[in-house]
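Asks: What follows is the file coords25.txt, containing compact mmCIF, C-alpha atoms:
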# COMPACT_ATOMS: atom_id res chain seq x y z
CA GLY A 52 88.99 190.74 145.36
CA GLN A 53 91.96 190.02 143.16
CA SER A 54 95.52 189.01 144.00
CA LEU A 55 98.38 188.23 141.66
CA GLU A 56 101.76 186.69 142.41
CA GLN A 57 104.86 187.05 140.28
CA PRO A 58 108.57 186.93 141.13
CA SER A 59 110.01 190.25 142.21
CA GLU A 60 113.29 189.94 140.32
CA VAL A 61 114.78 187.81 137.56
CA THR A 62 118.25 187.96 136.03
CA ALA A 63 119.10 186.37 132.68
CA VAL A 64 121.90 186.42 130.16
CA GLU A 65 121.70 188.21 126.83
CA GLY A 66 120.55 185.81 124.10
CA ALA A 67 118.92 183.43 126.57
CA ILE A 68 115.24 182.62 127.22
CA VAL A 69 113.43 183.69 130.38
CA GLN A 70 109.98 182.83 131.69
CA ILE A 71 108.09 185.07 134.12
CA ASN A 72 105.27 183.29 135.92
CA CYS A 73 102.07 184.77 137.24
CA THR A 74 99.43 183.13 139.41
CA TYR A 75 96.20 184.83 140.28
CA GLN A 76 93.13 184.61 142.46
CA THR A 77 90.15 186.59 141.32
CA SER A 78 86.46 186.85 142.01
CA GLY A 79 85.88 187.11 138.26
CA PHE A 80 88.23 186.51 135.35
CA TYR A 81 88.07 187.79 131.81
CA GLY A 82 91.68 187.66 130.72
CA LEU A 83 95.34 188.04 131.59
CA SER A 84 97.56 190.65 130.03
CA TRP A 85 101.22 191.59 130.25
CA TYR A 86 102.90 194.98 130.27
CA GLN A 87 106.50 196.12 130.02
CA GLN A 88 107.69 199.22 131.82
CA HIS A 89 111.14 200.75 131.57
CA ASP A 90 112.39 202.93 134.42
CA GLY A 91 110.76 206.34 134.20
CA GLY A 92 108.47 205.27 131.38
CA ALA A 93 104.84 204.27 131.06
CA PRO A 94 103.61 200.67 130.82
CA THR A 95 103.47 199.28 127.30
CA PHE A 96 100.96 196.60 126.38
CA LEU A 97 102.63 193.35 125.31
CA SER A 98 99.99 190.65 125.08
CA TYR A 99 96.58 189.45 126.15
CA ASN A 100 95.19 185.95 126.74
CA ALA A 101 91.48 185.35 127.21
CA LEU A 102 91.61 181.65 126.31
CA ASP A 103 93.93 178.83 127.31
CA GLY A 104 97.04 178.41 125.25
CA LEU A 105 99.99 180.24 123.87
CA GLU A 106 99.99 183.60 122.07
CA GLU A 107 103.12 184.50 120.18
CA THR A 108 104.23 187.98 119.16
CA GLY A 109 107.74 188.06 117.83
CA ARG A 110 110.24 187.27 120.57
CA PHE A 111 107.54 187.40 123.23
CA SER A 112 104.97 184.70 123.97
CA SER A 113 102.30 184.53 126.64
CA PHE A 114 100.54 181.48 128.00
CA LEU A 115 97.37 181.03 130.01
CA SER A 116 95.86 178.10 131.87
CA ARG A 117 92.51 179.16 133.29
CA SER A 118 92.04 175.90 135.18
CA ASP A 119 95.32 176.48 137.01
CA SER A 120 94.86 180.26 137.38
CA TYR A 121 98.33 180.56 135.93
CA GLY A 122 100.07 182.29 133.11
CA TYR A 123 103.54 183.16 131.99
CA LEU A 124 105.42 185.51 129.73
CA LEU A 125 108.26 183.99 127.72
CA LEU A 126 110.98 186.21 126.33
CA GLN A 127 113.32 184.70 123.79
CA GLU A 128 116.65 185.88 122.39
CA LEU A 129 116.99 188.33 125.24
CA GLN A 130 118.43 191.73 124.45
CA MET A 131 119.83 194.33 126.82
CA LYS A 132 116.89 196.59 126.01
CA ASP A 133 114.55 193.97 127.50
CA SER A 134 115.76 195.00 130.97
CA ALA A 135 112.58 196.42 132.46
CA SER A 136 109.75 195.62 134.85
CA TYR A 137 107.09 193.25 133.60
CA PHE A 138 103.59 193.28 135.06
CA CYS A 139 100.88 190.70 134.70
CA ALA A 140 97.38 192.10 135.02
CA VAL A 141 93.95 190.54 135.32
CA ILE A 142 90.81 191.87 133.68
CA SER A 143 88.04 190.81 136.01
CA GLY A 144 84.60 189.99 134.68
CA ALA A 145 83.19 190.13 131.18
CA GLY A 146 82.09 193.65 130.48
CA SER A 147 84.27 194.95 133.28
CA TYR A 148 87.17 197.10 132.28
CA GLN A 149 89.03 197.00 135.55
CA LEU A 150 92.63 195.95 135.39
CA THR A 151 94.42 194.73 138.49
CA PHE A 152 98.21 194.63 138.24
CA GLY A 153 100.63 192.28 139.90
CA LYS A 154 103.54 193.86 141.74
CA GLY A 155 105.85 193.44 138.78
CA THR A 156 108.99 191.47 137.99
CA LYS A 157 112.20 193.40 137.48
CA LEU A 158 114.15 191.69 134.70
CA SER A 159 117.85 192.39 134.45
CA VAL A 160 119.59 191.21 131.29
CA ILE A 161 123.34 190.82 131.70
CA PRO A 162 126.00 190.40 129.02
CA ASP B 138 99.83 208.64 114.98
CA ALA B 139 96.93 207.77 117.23
CA MET B 140 98.00 208.13 120.81
CA VAL B 141 97.37 209.05 124.42
CA ILE B 142 98.76 212.44 125.42
CA GLN B 143 99.27 213.74 128.93
CA ASN B 144 100.04 217.28 129.96
CA PRO B 145 102.09 218.41 131.64
CA ARG B 146 104.78 215.72 131.85
CA TYR B 147 106.06 217.18 135.11
CA GLN B 148 103.97 219.12 137.59
CA VAL B 149 105.08 220.73 140.83
CA THR B 150 102.45 221.92 143.26
CA GLN B 151 102.41 223.12 146.83
CA PHE B 152 100.92 221.21 149.72
CA GLY B 153 97.18 221.84 149.71
CA LYS B 154 97.12 223.72 146.40
CA PRO B 155 94.64 222.21 143.90
CA VAL B 156 96.09 220.77 140.75
CA THR B 157 94.60 219.39 137.52
CA LEU B 158 96.23 216.86 135.26
CA SER B 159 95.08 216.45 131.67
CA CYS B 160 94.80 213.57 129.26
CA SER B 161 93.66 213.39 125.67
CA GLN B 162 93.41 210.55 123.21
CA THR B 163 93.13 210.23 119.47
CA LEU B 164 92.33 206.51 119.57
CA ASN B 165 88.58 207.09 119.90
CA HIS B 166 88.37 204.48 122.65
CA ASN B 167 85.32 204.50 124.88
CA VAL B 168 87.14 203.54 128.05
CA MET B 169 89.60 205.81 129.84
CA TYR B 170 91.46 205.28 133.09
CA TRP B 171 93.50 207.13 135.66
CA TYR B 172 96.19 205.29 137.59
CA GLN B 173 98.55 206.35 140.34
CA GLN B 174 101.97 204.74 140.39
CA LYS B 175 104.54 205.21 143.11
CA SER B 176 108.17 204.24 142.82
CA SER B 177 108.76 200.47 142.47
CA GLN B 178 105.04 199.76 142.79
CA ALA B 179 102.37 198.59 140.37
CA PRO B 180 99.95 201.10 138.88
CA LYS B 181 96.92 201.55 141.11
CA LEU B 182 93.57 202.21 139.45
CA LEU B 183 91.87 205.38 140.67
CA PHE B 184 88.93 205.73 138.26
CA HIS B 185 87.67 204.55 134.94
CA TYR B 186 85.06 205.77 132.50
CA TYR B 187 83.10 203.71 130.07
CA ASP B 188 81.99 206.51 127.79
CA LYS B 189 80.49 208.95 130.31
CA ASP B 190 79.76 206.32 132.95
CA PHE B 191 82.09 207.03 135.85
CA ASN B 192 83.48 204.26 138.05
CA ASN B 193 85.32 205.12 141.23
CA GLU B 194 87.51 202.55 142.94
CA ALA B 195 86.39 201.94 146.51
CA ASP B 196 89.74 202.97 148.01
CA THR B 197 90.31 206.09 145.91
CA PRO B 198 90.54 209.02 148.34
CA ASP B 199 87.87 211.71 148.17
CA ASN B 200 90.68 214.17 147.50
CA PHE B 201 90.80 212.82 143.94
CA GLN B 202 88.13 213.63 141.39
CA SER B 203 87.81 213.23 137.67
CA ARG B 204 85.97 214.75 134.73
CA ARG B 205 85.44 213.53 131.23
CA PRO B 206 83.78 216.28 129.17
CA ASN B 207 83.94 214.30 125.90
CA THR B 208 85.38 211.12 124.41
CA SER B 209 88.78 212.62 123.79
CA PHE B 210 89.57 214.35 127.08
CA CYS B 211 89.80 213.34 130.70
CA PHE B 212 91.00 215.31 133.72
CA LEU B 213 92.24 214.34 137.17
CA ASP B 214 91.68 216.92 139.89
CA ILE B 215 93.52 216.69 143.20
CA ARG B 216 91.74 219.06 145.51
CA SER B 217 94.26 219.33 148.33
CA PRO B 218 97.47 217.51 147.47
CA GLY B 219 99.43 216.02 150.32
CA LEU B 220 103.02 214.84 150.34
CA GLY B 221 101.76 211.28 149.95
CA ASP B 222 100.16 212.16 146.62
CA ALA B 223 103.52 212.64 144.95
CA ALA B 224 103.58 209.98 142.26
CA MET B 225 103.37 209.28 138.55
CA TYR B 226 99.83 209.65 137.25
CA LEU B 227 99.04 207.56 134.22
CA CYS B 228 96.14 207.93 131.84
CA ALA B 229 95.15 204.98 129.67
CA THR B 230 92.53 203.93 127.17
CA SER B 231 91.47 200.44 126.25
CA GLU B 232 90.21 198.34 123.43
CA GLY B 233 89.84 194.58 123.71
CA GLY B 234 92.22 193.16 126.27
CA GLY B 235 94.92 195.76 126.04
CA GLN B 236 95.32 199.16 127.66
CA TYR B 237 97.29 201.95 126.04
CA PHE B 238 99.05 204.33 128.35
CA GLY B 239 100.09 207.91 127.99
CA PRO B 240 103.62 208.93 129.05
CA GLY B 241 102.42 209.96 132.50
CA THR B 242 102.61 213.12 134.59
CA ARG B 243 105.08 213.09 137.45
CA LEU B 244 103.63 215.10 140.31
CA THR B 245 105.85 216.63 142.97
CA VAL B 246 104.30 218.13 146.09
CA THR B 247 106.39 220.65 148.00
Could you express the structure from this file as structure tokens?

Replies:
Amino acid sequence: GQSLEQPSEVTAVEGAIVQINCTYQTSGFYGLSWYQQHDGGAPTFLSYNALDGLEETGRFSSFLSRSDSYGYLLLQELQMKDSASYFCAVISGAGSYQLTFGKGTKLSVIP
Amino acid sequence: DAMVIQNPRYQVTQFGKPVTLSCSQTLNHNVMYWYQQKSSQAPKLLFHYYDKDFNNEADTPDNFQSRRPNTSFCFLDIRSPGLGDAAMYLCATSEGGGQYFGPGTRLTVT
């Protein structure tokens, strides 16, 4: 089976940088992705890492270390609108399309 | 714009009364998914289709069924909704490593 661990809540100041960590245990691993979800909304795809290293998309970056079964999402220049839940999710097995979500990290951005 | 559309956005049904939720996509993706998400929880995968190949998660209750008549449309049927089935139901498609979600249907069971 799959299990993912991420912090349940994080608070950060507007304009700052925040890192949300995710560790996973899976029976098969194809990649790690990140989703943002505002209250009452649907998840929105942010990033995907299949290989080790850092992927950067604007203010958001995502990192993966397959050997450590670890990844993180880095949010820079935080804005109030970044207040949301952030989920890491594992795609298990090449050719498999199953996505297993972590329990989510609720990010609160304060002035 | 290419997108994933879910109808209705809000659905109220009575305990035990069958209900069908609909999803359509204009992305032309082969893979479609149905998730159930309860308040303050992660989305839970119910089913996924690769084209017409149906994959049922082991812990998806028999009360839930799905149909995919063509690439663009997918339906979730709840045969006898219980109070515990009240949730947000999310449809998604995928390409590469990312999944693209519709806005969801919030189901209330009275």

Asks: Of the candidates B:Arg216, B:Cys211, B:Asp196, B:Thr157, which one gets nearest to Gly239 in chain B if we count all atoms listed in the file?

Replies: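 Checking each candidate against Gly239 in chain B, we get B:Cys211 as the closest.
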
Asks: Quick one: which chain A residues come within 6 Å of chain B, and what is the nearest atom pair for each with the distance in Å to one decimal, counting only C-alpha atoms, rows ordered by chain and ascending number, as a Markdown table?

Replies:
| residue | atom | partner | partner_atom | distance |
| --- | --- | --- | --- | --- |
| A:Ala93 | CA | B:Pro240 | CA | 5.2 |
| A:Tyr99 | CA | B:Gly234 | CA | 5.7 |
| A:Lys154 | CA | B:Ala179 | CA | 5.1 |

Asks: If we count all atoms listed in the file and set the cut-off at 12 Å, which residues sit around range 52-62 of chain A, ignoring sequence neighbours fewer than 6 positions away in its own chain? Please answer as an mmCIF file with C-alpha atoms, in the frame of the given file.

Replies:
data_model
loop_
_atom_site.group_PDB
_atom_site.id
_atom_site.type_symbol
_atom_site.label_atom_id
_atom_site.label_comp_id
_atom_site.auth_asym_id
_atom_site.auth_seq_id
_atom_site.Cartn_x
_atom_site.Cartn_y
_atom_site.Cartn_z
ATOM 1 C CA ILE A 68 115.240 182.620 127.220
ATOM 2 C CA VAL A 69 113.430 183.690 130.380
ATOM 3 C CA GLN A 70 109.980 182.830 131.690
ATOM 4 C CA ILE A 71 108.090 185.070 134.120
ATOM 5 C CA ASN A 72 105.270 183.290 135.920
ATOM 6 C CA CYS A 73 102.070 184.770 137.240
ATOM 7 C CA THR A 74 99.430 183.130 139.410
ATOM 8 C CA TYR A 75 96.200 184.830 140.280
ATOM 9 C CA GLN A 76 93.130 184.610 142.460
ATOM 10 C CA THR A 77 90.150 186.590 141.320
ATOM 11 C CA SER A 78 86.460 186.850 142.010
ATOM 12 C CA GLY A 79 85.880 187.110 138.260
ATOM 13 C CA PHE A 80 88.230 186.510 135.350
ATOM 14 C CA LEU A 83 95.340 188.040 131.590
ATOM 15 C CA SER A 84 97.560 190.650 130.030
ATOM 16 C CA TRP A 85 101.220 191.590 130.250
ATOM 17 C CA SER A 120 94.860 180.260 137.380
ATOM 18 C CA TYR A 121 98.330 180.560 135.930
ATOM 19 C CA GLY A 122 100.070 182.290 133.110
ATOM 20 C CA TYR A 123 103.540 183.160 131.990
ATOM 21 C CA LEU A 124 105.420 185.510 129.730
ATOM 22 C CA LEU A 126 110.980 186.210 126.330
ATOM 23 C CA LEU A 129 116.990 188.330 125.240
ATOM 24 C CA MET A 131 119.830 194.330 126.820
ATOM 25 C CA ASP A 133 114.550 193.970 127.500
ATOM 26 C CA SER A 134 115.760 195.000 130.970
ATOM 27 C CA ALA A 135 112.580 196.420 132.460
ATOM 28 C CA SER A 136 109.750 195.620 134.850
ATOM 29 C CA TYR A 137 107.090 193.250 133.600
ATOM 30 C CA PHE A 138 103.590 193.280 135.060
ATOM 31 C CA CYS A 139 100.880 190.700 134.700
ATOM 32 C CA ALA A 140 97.380 192.100 135.020
ATOM 33 C CA VAL A 141 93.950 190.540 135.320
ATOM 34 C CA ILE A 142 90.810 191.870 133.680
ATOM 35 C CA SER A 143 88.040 190.810 136.010
ATOM 36 C CA GLY A 144 84.600 189.990 134.680
ATOM 37 C CA GLN A 149 89.030 197.000 135.550
ATOM 38 C CA LEU A 150 92.630 195.950 135.390
ATOM 39 C CA THR A 151 94.420 194.730 138.490
ATOM 40 C CA PHE A 152 98.210 194.630 138.240
ATOM 41 C CA GLY A 153 100.630 192.280 139.900
ATOM 42 C CA LYS A 154 103.540 193.860 141.740
ATOM 43 C CA GLY A 155 105.850 193.440 138.780
ATOM 44 C CA THR A 156 108.990 191.470 137.990
ATOM 45 C CA LYS A 157 112.200 193.400 137.480
ATOM 46 C CA LEU A 158 114.150 191.690 134.700
ATOM 47 C CA SER A 159 117.850 192.390 134.450
ATOM 48 C CA VAL A 160 119.590 191.210 131.290
ATOM 49 C CA ILE A 161 123.340 190.820 131.700
ATOM 50 C CA PRO A 162 126.000 190.400 129.020
ATOM 51 C CA SER B 177 108.760 200.470 142.470
ATOM 52 C CA GLN B 178 105.040 199.760 142.790
ATOM 53 C CA ALA B 179 102.370 198.590 140.370
ATOM 54 C CA ALA B 195 86.390 201.940 146.510
#

Asks: Compile the contact shell of Gly104 in chain A as a list in words: residues with an atom at most 7 Å away, counting only C-alpha atoms, same-chain residues fewer than 3 positions apart removed.

Replies: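 The residues that qualify are Phe114, Leu115 and Ser116 of chain A.
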
Asks: Give me a file of those residues, with C-alpha atoms, as a PDB file, keeping the file's coordinate frame.

Replies:
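The file below, part.pdb, is the result:
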ATOM      1  CA  PHE A 114     100.540 181.480 128.000  1.00  0.00           C
ATOM      2  CA  LEU A 115      97.370 181.030 130.010  1.00  0.00           C
ATOM      3  CA  SER A 116      95.860 178.100 131.870  1.00  0.00           C
TER       4      SER A 116
END

Asks: Using all atoms listed in the file, which protein or nucleic acid residues come within 9 Å of Leu213 in chain B? Drop anything in the same chain fewer than 2 positions from it, and give the result as number ranges by chain.

Replies: B: 156-160, 171, 201-204, 211, 215, 226

Asks: Have a look at CA of Ala224 in chain B and CA of Thr245 in chain B and let me know their distance in Å, one decimal.

Replies: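 Those two atoms sit 7.1 Å apart.
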
Asks: One number please: CA of Leu105 in chain A to CA of Leu164 in chain B, in Å, one decimal.

Replies: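 CA of Leu105 in chain A sits 27.7 Å away from CA of Leu164 in chain B.
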
Asks: Could you check how far CA of Gln88 in chain A sits from CA of Leu102 in chain A, in Å to one decimal?

Replies: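 Straight-line distance from CA of Gln88 in chain A to CA of Leu102 in chain A works out to 24.4 Å.
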
Asks: For Thr247 in chain B, which residue among B:Asp190, B:Arg146, B:Thr230, B:Gly219 is the nearest when counting only C-alpha atoms?

Replies: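 The shortest atom-to-atom distance to Thr247 in chain B comes from B:Gly219.
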
Asks: Pick from A:Arg117, A:Tyr148, A:Gly66, A:Lys132: nearest to Gln87 in chain A, with all atoms listed in the file counted?

Replies: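 For Gln87 in chain A, the nearest of the given residues is A:Lys132.
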